[in-house]
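Visitor: So here's structure-v4.pdb (PDB, C-alpha atoms (C1' of nucleotides)).
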```
ATOM      1  CA  MET U   1       0.000   0.000   0.000
ATOM      2  CA  GLU U   2       1.787   3.074  -1.305
ATOM      3  CA  LYS U   3      -0.093   5.490   0.856
ATOM      4  CA  TYR U   4       1.375   4.134   4.042
ATOM      5  CA  LYS U   5       4.992   4.406   2.976
ATOM      6  CA  ASN U   6       5.745   7.652   4.712
ATOM      7  CA  ILE U   7       4.093   7.226   8.046
ATOM      8  CA  GLY U   8       7.372   6.557   9.749
ATOM      9  CA  LEU U   9       6.672   2.953  10.639
ATOM     10  CA  LYS U  10       8.037  -0.254   9.238
ATOM     11  CA  LEU U  11       5.445  -1.682   6.913
ATOM     12  CA  THR U  12       5.172  -5.225   8.134
ATOM     13  CA  PRO U  13       2.481  -7.468   6.667
ATOM     14  CA  GLN U  14       0.734  -7.515  10.052
ATOM     15  CA  ARG U  15       0.618  -3.740  10.188
ATOM     16  CA  LEU U  16      -0.722  -3.519   6.674
ATOM     17  CA  ALA U  17      -3.419  -6.035   7.486
ATOM     18  CA  VAL U  18      -4.522  -3.989  10.494
ATOM     19  CA  LEU U  19      -4.441  -0.771   8.463
ATOM     20  CA  GLN U  20      -6.489  -2.368   5.719
ATOM     21  CA  TYR U  21      -9.020  -3.773   8.154
ATOM     22  CA  LEU U  22      -9.419  -0.363   9.763
ATOM     23  CA  GLU U  23      -9.571   1.627   6.536
ATOM     24  CA  GLY U  24     -13.014   3.193   6.329
ATOM     25  CA  ASN U  25     -14.201   0.914   9.120
ATOM     26  CA  LYS U  26     -17.126   2.503  10.967
ATOM     27  CA  SER U  27     -17.749  -0.328  13.409
ATOM     28  CA  HIS U  28     -15.498   0.948  16.213
ATOM     29  CA  PRO U  29     -13.860  -2.448  16.738
ATOM     30  CA  SER U  30     -12.108  -3.557  19.910
ATOM     31  CA  ALA U  31      -8.577  -4.985  19.914
ATOM     32  CA  GLU U  32     -10.133  -8.439  20.063
ATOM     33  CA  ASP U  33     -12.348  -7.715  17.044
ATOM     34  CA  ILE U  34      -9.311  -6.613  15.061
ATOM     35  CA  TYR U  35      -7.372  -9.636  16.267
ATOM     36  CA  ARG U  36     -10.052 -12.054  15.075
ATOM     37  CA  ALA U  37     -10.328 -10.345  11.694
ATOM     38  CA  VAL U  38      -6.589 -10.185  11.005
ATOM     39  CA  LYS U  39      -6.050 -13.708  12.307
ATOM     40  CA  ARG U  40      -7.938 -15.021   9.308
ATOM     41  CA  ARG U  41      -5.109 -13.809   7.099
ATOM     42  CA  PHE U  42      -2.289 -14.237   9.628
ATOM     43  CA  PRO U  43      -3.203 -17.203  11.804
ATOM     44  CA  THR U  44      -0.062 -16.851  13.915
ATOM     45  CA  ILE U  45      -0.521 -13.194  14.784
ATOM     46  CA  SER U  46      -0.571 -12.469  18.476
ATOM     47  CA  ILE U  47      -2.988 -10.274  20.389
ATOM     48  CA  ALA U  48       0.043  -8.510  21.867
ATOM     49  CA  THR U  49       1.093  -7.549  18.364
ATOM     50  CA  ILE U  50      -2.352  -6.093  17.758
ATOM     51  CA  TYR U  51      -1.964  -3.950  20.848
ATOM     52  CA  ASN U  52       1.545  -2.922  19.769
ATOM     53  CA  ILE U  53       0.323  -1.973  16.327
ATOM     54  CA  LEU U  54      -2.623  -0.011  17.681
ATOM     55  CA  GLU U  55      -0.291   1.818  20.042
ATOM     56  CA  SER U  56       2.045   2.868  17.230
ATOM     57  CA  LEU U  57      -0.835   3.848  14.964
ATOM     58  CA  LYS U  58      -2.234   5.937  17.777
ATOM     59  CA  GLU U  59       1.101   7.718  18.194
ATOM     60  CA  LYS U  60       1.172   8.451  14.490
ATOM     61  CA  GLY U  61      -2.354   9.816  14.621
ATOM     62  CA  LEU U  62      -3.789   7.124  12.380
ATOM     63  CA  VAL U  63      -6.337   5.845  14.869
ATOM     64  CA  GLN U  64      -7.962   7.125  17.981
ATOM     65  CA  GLU U  65      -8.916   5.203  21.049
ATOM     66  CA  LEU U  66     -12.495   5.491  22.294
ATOM     67  CA  ASN U  67     -13.428   5.072  25.941
ATOM     68  CA  ILE U  68     -17.098   4.685  25.207
ATOM     69  CA  ASP U  69     -17.448   1.028  26.020
ATOM     70  CA  PRO U  70     -17.038   0.271  29.724
ATOM     71  CA  TYR U  71     -15.781  -3.227  29.015
ATOM     72  CA  LYS U  72     -13.020  -2.531  26.558
ATOM     73  CA  LYS U  73     -11.306   0.057  24.426
ATOM     74  CA  ARG U  74     -12.618   0.661  20.941
ATOM     75  CA  PHE U  75     -10.580   1.979  18.033
ATOM     76  CA  ASP U  76     -11.577   4.421  15.336
ATOM     77  CA  PRO U  77      -9.601   5.107  12.146
ATOM     78  CA  ASP U  78     -11.548   8.344  11.750
ATOM     79  CA  THR U  79      -9.379  10.809  13.634
ATOM     80  CA  THR U  80     -11.287  13.887  12.571
ATOM     81  CA  SER U  81     -13.458  15.515  15.203
ATOM     82  CA  HIS U  82     -16.767  13.729  15.363
ATOM     83  CA  HIS U  83     -19.225  12.496  17.920
ATOM     84  CA  HIS U  84     -21.089   9.284  18.693
ATOM     85  CA  LEU U  85     -24.522   7.853  19.212
ATOM     86  CA  ILE U  86     -24.496   4.890  21.570
ATOM     87  CA  CYS U  87     -27.390   2.476  21.804
ATOM     88  CA  THR U  88     -27.910   1.532  25.438
ATOM     89  CA  LYS U  89     -29.739  -1.637  24.387
ATOM     90  CA  CYS U  90     -27.466  -3.250  21.817
ATOM     91  CA  GLY U  91     -24.274  -1.277  22.401
ATOM     92  CA  ARG U  92     -23.965  -0.200  18.814
ATOM     93  CA  ILE U  93     -21.871   2.924  18.269
ATOM     94  CA  VAL U  94     -22.644   5.167  15.320
ATOM     95  CA  ASP U  95     -20.792   8.242  14.089
ATOM     96  CA  ILE U  96     -22.614  11.518  14.099
ATOM     97  CA  GLU U  97     -21.689  14.508  12.028
ATOM     98  CA  MET U  98     -22.423  17.837  13.559
ATOM     99  CA  ASP U  99     -20.723  21.165  13.783
ATOM    100  CA  PHE U 100     -20.230  22.120  17.341
ATOM    101  CA  ASN U 101     -17.849  24.625  18.726
ATOM    102  CA  PRO U 102     -19.093  26.015  21.976
ATOM    103  CA  SER U 103     -16.914  28.728  23.374
ATOM    104  CA  LEU U 104     -16.322  27.281  26.783
ATOM    105  CA  PRO U 105     -16.753  30.006  29.337
ATOM    106  CA  GLU U 106     -13.513  30.020  31.263
ATOM    107  CA  ASN U 107     -13.672  26.934  33.391
ATOM    108  CA  GLU U 108     -11.238  26.261  36.139
ATOM    109  CA  GLY U 109      -8.474  27.574  33.932
ATOM    110  CA  PHE U 110      -8.775  24.682  31.512
ATOM    111  CA  ARG U 111      -7.364  25.060  28.022
ATOM    112  CA  VAL U 112      -9.758  22.882  26.037
ATOM    113  CA  GLU U 113      -8.249  21.074  23.089
ATOM    114  CA  ARG U 114     -10.818  18.518  22.061
ATOM    115  CA  ILE U 115     -14.503  17.878  22.596
ATOM    116  CA  HIS U 116     -16.256  14.562  22.440
ATOM    117  CA  MET U 117     -19.993  14.208  22.731
ATOM    118  CA  GLU U 118     -21.802  11.012  23.535
ATOM    119  CA  PHE U 119     -25.493  10.720  22.757
ATOM    120  CA  TYR U 120     -26.965   7.777  24.643
ATOM    121  CA  GLY U 121     -30.261   6.412  23.493
ATOM    122  CA  VAL U 122     -32.020   3.629  21.660
ATOM    123  CA  CYS U 123     -31.343   2.860  18.043
ATOM    124  CA  LYS U 124     -33.957   2.280  15.390
ATOM    125  CA  ASP U 125     -33.614  -1.498  15.410
ATOM    126  CA  CYS U 126     -33.933  -1.777  19.170
ATOM    127  CA  SER U 127     -36.875   0.635  19.207
ATOM    128  CA  SER U 128     -38.845  -1.316  16.661
ATOM    129  CA  LYS U 129     -38.067  -4.591  18.350
ATOM    130  CA  GLY U 130     -39.553  -3.098  21.487
ATOM    131  CA  LYS U 131     -36.380  -4.090  23.275
TER     132      LYS U 131
ATOM    133  CA  MET H   1     -28.564   8.633  58.197
ATOM    134  CA  GLU H   2     -32.266   9.335  58.027
ATOM    135  CA  LYS H   3     -32.258  10.429  54.441
ATOM    136  CA  TYR H   4     -31.292   7.012  53.177
ATOM    137  CA  LYS H   5     -34.068   5.125  54.920
ATOM    138  CA  ASN H   6     -36.383   4.944  51.977
ATOM    139  CA  ILE H   7     -34.125   4.068  49.154
ATOM    140  CA  GLY H   8     -35.252   0.470  49.179
ATOM    141  CA  LEU H   9     -31.952  -1.017  50.289
ATOM    142  CA  LYS H  10     -30.910  -2.525  53.565
ATOM    143  CA  LEU H  11     -28.875   0.060  55.395
ATOM    144  CA  THR H  12     -25.797  -1.855  56.375
ATOM    145  CA  PRO H  13     -22.879  -0.016  57.951
ATOM    146  CA  GLN H  14     -20.792  -0.674  54.841
ATOM    147  CA  ARG H  15     -23.411   0.862  52.599
ATOM    148  CA  LEU H  16     -23.714   3.891  54.811
ATOM    149  CA  ALA H  17     -19.971   4.333  54.785
ATOM    150  CA  VAL H  18     -19.899   4.274  51.000
ATOM    151  CA  LEU H  19     -22.851   6.666  50.796
ATOM    152  CA  GLN H  20     -21.179   9.047  53.210
ATOM    153  CA  TYR H  21     -17.902   8.908  51.371
ATOM    154  CA  LEU H  22     -19.644   9.673  48.099
ATOM    155  CA  GLU H  23     -21.905  12.422  49.441
ATOM    156  CA  GLY H  24     -20.915  15.631  47.726
ATOM    157  CA  ASN H  25     -17.738  14.000  46.477
ATOM    158  CA  LYS H  26     -16.531  15.699  43.321
ATOM    159  CA  SER H  27     -13.398  13.627  42.810
ATOM    160  CA  HIS H  28     -14.948  10.944  40.590
ATOM    161  CA  PRO H  29     -13.375   8.089  42.538
ATOM    162  CA  SER H  30     -12.770   4.594  41.215
ATOM    163  CA  ALA H  31     -13.954   1.473  43.038
ATOM    164  CA  GLU H  32     -10.442   1.115  44.398
ATOM    165  CA  ASP H  33     -10.430   4.700  45.691
ATOM    166  CA  ILE H  34     -13.699   4.087  47.496
ATOM    167  CA  TYR H  35     -12.400   0.784  48.835
ATOM    168  CA  ARG H  36      -9.289   2.405  50.305
ATOM    169  CA  ALA H  37     -11.308   5.187  51.904
ATOM    170  CA  VAL H  38     -13.974   2.960  53.440
ATOM    171  CA  LYS H  39     -11.396   0.409  54.552
ATOM    172  CA  ARG H  40     -10.094   2.923  57.059
ATOM    173  CA  ARG H  41     -13.380   2.598  58.952
ATOM    174  CA  PHE H  42     -14.123  -1.018  58.035
ATOM    175  CA  PRO H  43     -10.792  -2.787  57.739
ATOM    176  CA  THR H  44     -12.442  -6.074  56.823
ATOM    177  CA  ILE H  45     -14.554  -4.747  53.964
ATOM    178  CA  SER H  46     -13.995  -6.510  50.690
ATOM    179  CA  ILE H  47     -13.529  -4.944  47.280
ATOM    180  CA  ALA H  48     -16.285  -7.259  46.041
ATOM    181  CA  THR H  49     -18.642  -5.638  48.516
ATOM    182  CA  ILE H  50     -17.697  -2.222  47.166
ATOM    183  CA  TYR H  51     -18.617  -3.391  43.681
ATOM    184  CA  ASN H  52     -21.880  -4.879  44.989
ATOM    185  CA  ILE H  53     -22.778  -1.675  46.776
ATOM    186  CA  LEU H  54     -21.955   0.477  43.770
ATOM    187  CA  GLU H  55     -24.083  -1.779  41.599
ATOM    188  CA  SER H  56     -27.110  -1.451  43.868
ATOM    189  CA  LEU H  57     -26.646   2.297  44.237
ATOM    190  CA  LYS H  58     -26.483   2.564  40.493
ATOM    191  CA  GLU H  59     -29.749   0.656  40.145
ATOM    192  CA  LYS H  60     -31.384   3.011  42.620
ATOM    193  CA  GLY H  61     -30.088   6.011  40.715
ATOM    194  CA  LEU H  62     -27.869   7.211  43.539
ATOM    195  CA  VAL H  63     -24.625   7.122  41.579
ATOM    196  CA  GLN H  64     -23.655   7.045  37.971
ATOM    197  CA  GLU H  65     -20.808   5.217  36.381
ATOM    198  CA  LEU H  66     -18.408   7.207  34.212
ATOM    199  CA  ASN H  67     -16.493   5.659  31.326
ATOM    200  CA  ILE H  68     -14.100   8.552  31.050
ATOM    201  CA  ASP H  69     -11.001   6.863  32.371
ATOM    202  CA  PRO H  70      -9.666   4.170  30.031
ATOM    203  CA  TYR H  71      -8.109   2.263  32.900
ATOM    204  CA  LYS H  72     -11.052   1.944  35.234
ATOM    205  CA  LYS H  73     -14.598   2.949  35.949
ATOM    206  CA  ARG H  74     -15.221   6.094  37.925
ATOM    207  CA  PHE H  75     -18.277   6.798  40.044
ATOM    208  CA  ASP H  76     -20.173  10.040  40.478
ATOM    209  CA  PRO H  77     -22.817  10.697  43.152
ATOM    210  CA  ASP H  78     -24.043  13.622  41.070
ATOM    211  CA  THR H  79     -26.651  11.994  38.868
ATOM    212  CA  THR H  80     -27.977  15.214  37.396
ATOM    213  CA  SER H  81     -27.023  15.939  33.806
ATOM    214  CA  HIS H  82     -23.612  17.517  33.729
ATOM    215  CA  HIS H  83     -20.439  17.347  31.710
ATOM    216  CA  HIS H  84     -16.730  16.967  32.374
ATOM    217  CA  LEU H  85     -13.387  18.571  31.770
ATOM    218  CA  ILE H  86     -10.598  16.020  31.615
ATOM    219  CA  CYS H  87      -6.960  17.005  31.949
ATOM    220  CA  THR H  88      -4.912  14.955  29.516
ATOM    221  CA  LYS H  89      -1.765  15.582  31.567
ATOM    222  CA  CYS H  90      -2.757  14.709  35.127
ATOM    223  CA  GLY H  91      -6.029  12.890  34.485
ATOM    224  CA  ARG H  92      -8.029  15.122  36.757
ATOM    225  CA  ILE H  93     -11.754  15.187  36.027
ATOM    226  CA  VAL H  94     -13.735  18.306  36.836
ATOM    227  CA  ASP H  95     -17.470  18.923  36.602
ATOM    228  CA  ILE H  96     -18.687  21.553  34.237
ATOM    229  CA  GLU H  97     -22.008  23.281  34.457
ATOM    230  CA  MET H  98     -23.526  24.304  31.187
ATOM    231  CA  ASP H  99     -26.917  24.297  29.633
ATOM    232  CA  PHE H 100     -26.925  22.329  26.489
ATOM    233  CA  ASN H 101     -29.848  20.864  24.687
ATOM    234  CA  PRO H 102     -29.131  20.517  21.021
ATOM    235  CA  SER H 103     -32.052  19.232  19.053
ATOM    236  CA  LEU H 104     -30.405  16.328  17.360
ATOM    237  CA  PRO H 105     -31.352  16.348  13.729
ATOM    238  CA  GLU H 106     -32.860  12.928  13.151
ATOM    239  CA  ASN H 107     -29.929  10.590  13.182
ATOM    240  CA  GLU H 108     -30.164   7.010  12.124
ATOM    241  CA  GLY H 109     -33.487   6.772  13.899
ATOM    242  CA  PHE H 110     -31.916   7.170  17.321
ATOM    243  CA  ARG H 111     -34.071   8.246  20.228
ATOM    244  CA  VAL H 112     -31.568  10.198  22.303
ATOM    245  CA  GLU H 113     -32.082  10.024  26.041
ATOM    246  CA  ARG H 114     -28.909  11.418  27.540
ATOM    247  CA  ILE H 115     -25.967  13.506  26.427
ATOM    248  CA  HIS H 116     -22.512  13.522  27.901
ATOM    249  CA  MET H 117     -19.810  15.912  26.802
ATOM    250  CA  GLU H 118     -16.137  15.473  27.438
ATOM    251  CA  PHE H 119     -13.828  18.452  27.141
ATOM    252  CA  TYR H 120     -10.237  17.265  26.905
ATOM    253  CA  GLY H 121      -7.507  19.733  27.603
ATOM    254  CA  VAL H 122      -4.907  20.886  30.076
ATOM    255  CA  CYS H 123      -5.813  22.131  33.521
ATOM    256  CA  LYS H 124      -4.488  25.267  35.142
ATOM    257  CA  ASP H 125      -1.976  23.465  37.356
ATOM    258  CA  CYS H 126      -0.496  21.470  34.490
ATOM    259  CA  SER H 127      -0.375  24.549  32.249
ATOM    260  CA  SER H 128       1.542  26.598  34.761
ATOM    261  CA  LYS H 129       3.892  23.745  35.509
ATOM    262  CA  GLY H 130       4.635  23.669  31.800
ATOM    263  CA  LYS H 131       3.862  19.993  31.877
TER     264      LYS H 131
ATOM    265  C1'  DC L   1      23.193  -5.619   9.300
ATOM    266  C1'  DT L   2      20.558  -3.746  13.046
ATOM    267  C1'  DG L   3      16.936  -1.720  15.428
ATOM    268  C1'  DG L   4      12.388  -2.120  15.363
ATOM    269  C1'  DC L   5       8.760  -5.708  15.232
ATOM    270  C1'  DT L   6       6.615 -10.172  16.152
ATOM    271  C1'  DG L   7       4.905 -14.085  18.808
ATOM    272  C1'  DC L   8       4.525 -16.404  22.970
ATOM    273  C1'  DA L   9       3.888 -16.804  27.773
ATOM    274  C1'  DA L  10       3.447 -14.912  32.000
ATOM    275  C1'  DA L  11       2.079 -11.010  34.739
ATOM    276  C1'  DT L  12      -0.960  -7.301  36.021
ATOM    277  C1'  DC L  13      -5.115  -4.900  36.795
ATOM    278  C1'  DT L  14      -9.988  -4.406  37.087
ATOM    279  C1'  DT L  15     -14.191  -6.537  37.695
ATOM    280  C1'  DT L  16     -17.129 -10.630  38.446
ATOM    281  C1'  DT L  17     -18.618 -14.912  40.532
ATOM    282  C1'  DG L  18     -19.518 -18.728  43.920
ATOM    283  C1'  DC L  19     -20.420 -19.708  48.294
ATOM    284  C1'  DA L  20     -20.677 -20.010  53.311
ATOM    285  C1'  DT L  21     -21.868 -16.970  56.907
ATOM    286  C1'  DC L  22     -24.006 -12.891  58.811
ATOM    287  C1'  DC L  23     -27.452  -9.437  60.082
ATOM    288  C1'  DT L  24     -31.139  -5.932  58.754
ATOM    289  C1'  DG L  25     -35.900  -5.322  58.594
TER     290       DG L  25
ATOM    291  C1'  DC Q   1     -36.026 -15.731  60.991
ATOM    292  C1'  DA Q   2     -35.546 -15.201  55.910
ATOM    293  C1'  DG Q   3     -33.586 -13.067  52.239
ATOM    294  C1'  DG Q   4     -30.529  -9.901  51.051
ATOM    295  C1'  DA Q   5     -25.679  -8.478  52.115
ATOM    296  C1'  DT Q   6     -20.912  -9.406  53.313
ATOM    297  C1'  DG Q   7     -16.148 -11.319  52.975
ATOM    298  C1'  DC Q   8     -13.048 -14.311  50.954
ATOM    299  C1'  DA Q   9     -10.944 -16.619  47.331
ATOM    300  C1'  DA Q  10     -10.841 -17.868  42.846
ATOM    301  C1'  DA Q  11     -12.057 -16.836  38.034
ATOM    302  C1'  DA Q  12     -12.603 -14.065  34.103
ATOM    303  C1'  DG Q  13     -11.368 -10.374  30.802
ATOM    304  C1'  DA Q  14      -8.616  -6.855  28.995
ATOM    305  C1'  DT Q  15      -4.202  -5.089  28.573
ATOM    306  C1'  DT Q  16       0.838  -5.006  29.437
ATOM    307  C1'  DT Q  17       5.458  -6.790  29.838
ATOM    308  C1'  DG Q  18       9.773  -9.529  29.045
ATOM    309  C1'  DC Q  19      12.314 -11.651  25.940
ATOM    310  C1'  DA Q  20      14.271 -14.441  22.165
ATOM    311  C1'  DG Q  21      14.222 -14.573  17.368
ATOM    312  C1'  DC Q  22      12.970 -12.341  12.941
ATOM    313  C1'  DC Q  23      12.886  -9.154   9.001
ATOM    314  C1'  DA Q  24      12.103  -4.410   6.663
ATOM    315  C1'  DG Q  25      14.732  -0.694   5.335
TER     316       DG Q  25
END
```
Taking this structure as input, can you express it in the form of structure tokens?

Guide:
Amino acid sequence: MEKYKNIGLKLTPQRLAVLQYLEGNKSHPSAEDIYRAVKRRFPTISIATIYNILESLKEKGLVQELNIDPYKKRFDPDTTSHHHLICTKCGRIVDIEMDFNPSLPENEGFRVERIHMEFYGVCKDCSSKGK
Amino acid sequence: MEKYKNIGLKLTPQRLAVLQYLEGNKSHPSAEDIYRAVKRRFPTISIATIYNILESLKEKGLVQELNIDPYKKRFDPDTTSHHHLICTKCGRIVDIEMDFNPSLPENEGFRVERIHMEFYGVCKDCSSKGK
DNA sequence: CTGGCTGCAAATCTTTTGCATCCTG
DNA sequence: CAGGATGCAAAAGATTTGCAGCCAG
């Protein structure tokens, strides 16, 4: 993959596989999800390698870590500023586009650098299923 | 503590101790933090009991669980709708008061029930320390 | 060729579970 | 006095670490 040549990381097959799995992925997968997916192509890959790769991609700004799920970290290849809808029934996480730039009234001297909004609710599927 | 008589839970000394520790507490403690604090008064209390108590308090709407910290859950006795400033240097979490009720343009059929905003940045102390 | 990367196993940390005993209502 | 609550130990998950061997640049 040409486009990854200049990210400052060695392009190992494992790293490429993770990058390709994440590319355009909107499912907010956990490390385990990524592990299972990449394992199909690299049966010997280790979960520790997945964590290593995610850590280096995070440092390079190619993924961001989401703390939305109380049970595990989720990873998002979309590093632009965006927010999330979280279904409290099925746990599904969906991106939401919205412009939002509140001028934070000075608060405790904080210098705000990033805003993340979480909209908790019930998704269409769960609503219609009466769940 | 009179005020806790009608919450529909047996008022054991351990539960009261947790409730008292949490009352007005703005530090967003983890289960471990609460355990250490309560242990001073009840040296035999178990961490499992802390988790049990927090679970029942959560069910009764007396605390809410925060997924802000990637390493562990945090608990907040303030169950009213409010948002948080998170210092990316020292990890401190501070409440922020602000009215915010965006009418979510229909999004994927979600019925939004609760909004939580996270403002990541650097707190006054860390700024001045040049951290 | 060499430093960064991988794979494996063991360790760590948080949270949960099973169960016998206890004590509030 | 009965059912919920506690305390202990062990289990379960997620993530991290140590280290020997490997391979991309």

Visitor: Please expand the PyMOL selection byres ((chain H) within 8 of (chain Q)) into the concrete residues it hits in this file, giving the result as a list in words.

Guide: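 Matching residues under the PyMOL selection byres ((chain H) within 8 of (chain Q)) are Lys10, Thr12, Thr44, Ile45, Ser46 and Thr49 of chain H.
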
Visitor: Would you give me, as a list in words, the residues of chain U that come within 6 Å of chain H, using only C-alpha atoms?

Guide: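 Putting it all together, I get Asn67, Pro70, Gly109, Phe110, Arg111, Val112, Glu113, Arg114, Ile115, His116, Met117, Glu118, Phe119, Tyr120, Gly121, Val122, Cys123 and Lys124 of chain U.
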
Visitor: Specify as a ChimeraX atom specification all residues of chain L found within 9 Å of chain U, counting only C-alpha atoms (C1' of nucleotides).

Guide: /L:4-8

Visitor: Expand the PyMOL selection byres ((chain U and resi 30) around 7) into the individual residues it matches in the shown file, reporting them as a PDB file with C-alpha atoms, in the frame of the given file.

Guide:
```pdb
ATOM      1  CA  HIS U  28     -15.498   0.948  16.213  1.00  0.00           C
ATOM      2  CA  PRO U  29     -13.860  -2.448  16.738  1.00  0.00           C
ATOM      3  CA  ALA U  31      -8.577  -4.985  19.914  1.00  0.00           C
ATOM      4  CA  GLU U  32     -10.133  -8.439  20.063  1.00  0.00           C
ATOM      5  CA  ASP U  33     -12.348  -7.715  17.044  1.00  0.00           C
ATOM      6  CA  ILE U  34      -9.311  -6.613  15.061  1.00  0.00           C
ATOM      7  CA  LYS U  72     -13.020  -2.531  26.558  1.00  0.00           C
ATOM      8  CA  LYS U  73     -11.306   0.057  24.426  1.00  0.00           C
ATOM      9  CA  ARG U  74     -12.618   0.661  20.941  1.00  0.00           C
ATOM     10  CA  PHE U  75     -10.580   1.979  18.033  1.00  0.00           C
TER      11      PHE U  75
END
```

Visitor: Between atom C1' of L:DC19 and atom CA of H:Ser56, what is the distance in Å, rounded to a tenth?

Guide: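 Between atom C1' of L:DC19 and atom CA of H:Ser56 the gap works out to 19.9 Å.
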
Visitor: Would you compute the distance between atom CA of U:Thr79 and atom CA of U:Lys58? Give it in Å to one decimal.

Guide: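 Between atom CA of U:Thr79 and atom CA of U:Lys58 the gap works out to 9.6 Å.
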
Visitor: Could you state the separation of atom CA of H:Thr80 and atom CA of H:Glu59 in Å, given to one decimal place?

Guide: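 Computed distance, atom CA of H:Thr80 to atom CA of H:Glu59, equals 14.9 Å.
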
Visitor: Assuming the chain letters and numbering stay as they are in my file, what does the PyMOL selection byres ((chain U and resi 4) around 12) actually select? List them as a PyMOL selection string.

Guide: chain U and resi 1-3+5-13+15-20+23+57+60+62

Visitor: Using the file's own x, y and z axes, what box holds all listed atoms of stretch 8-24 of chain Q with 8 Å on each side, keeping edges along x, y and z, and what are its centre and edge lengths in Å to one decimal, as AutoDock Vina command-line options?

Guide:
```
--center_x 0.6 --center_y -11.1 --center_z 28.8 --size_x 43.3 --size_y 29.5 --size_z 60.3
```

Visitor: Point out the residue among H:Asp99, H:His82, H:Pro77, H:Tyr51 with the least atom-to-atom distance to L:DT15, counting only C-alpha atoms (C1' of nucleotides).

Guide: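 Comparing H:Asp99, H:His82, H:Pro77, H:Tyr51 against L:DT15, the winner is H:Tyr51.
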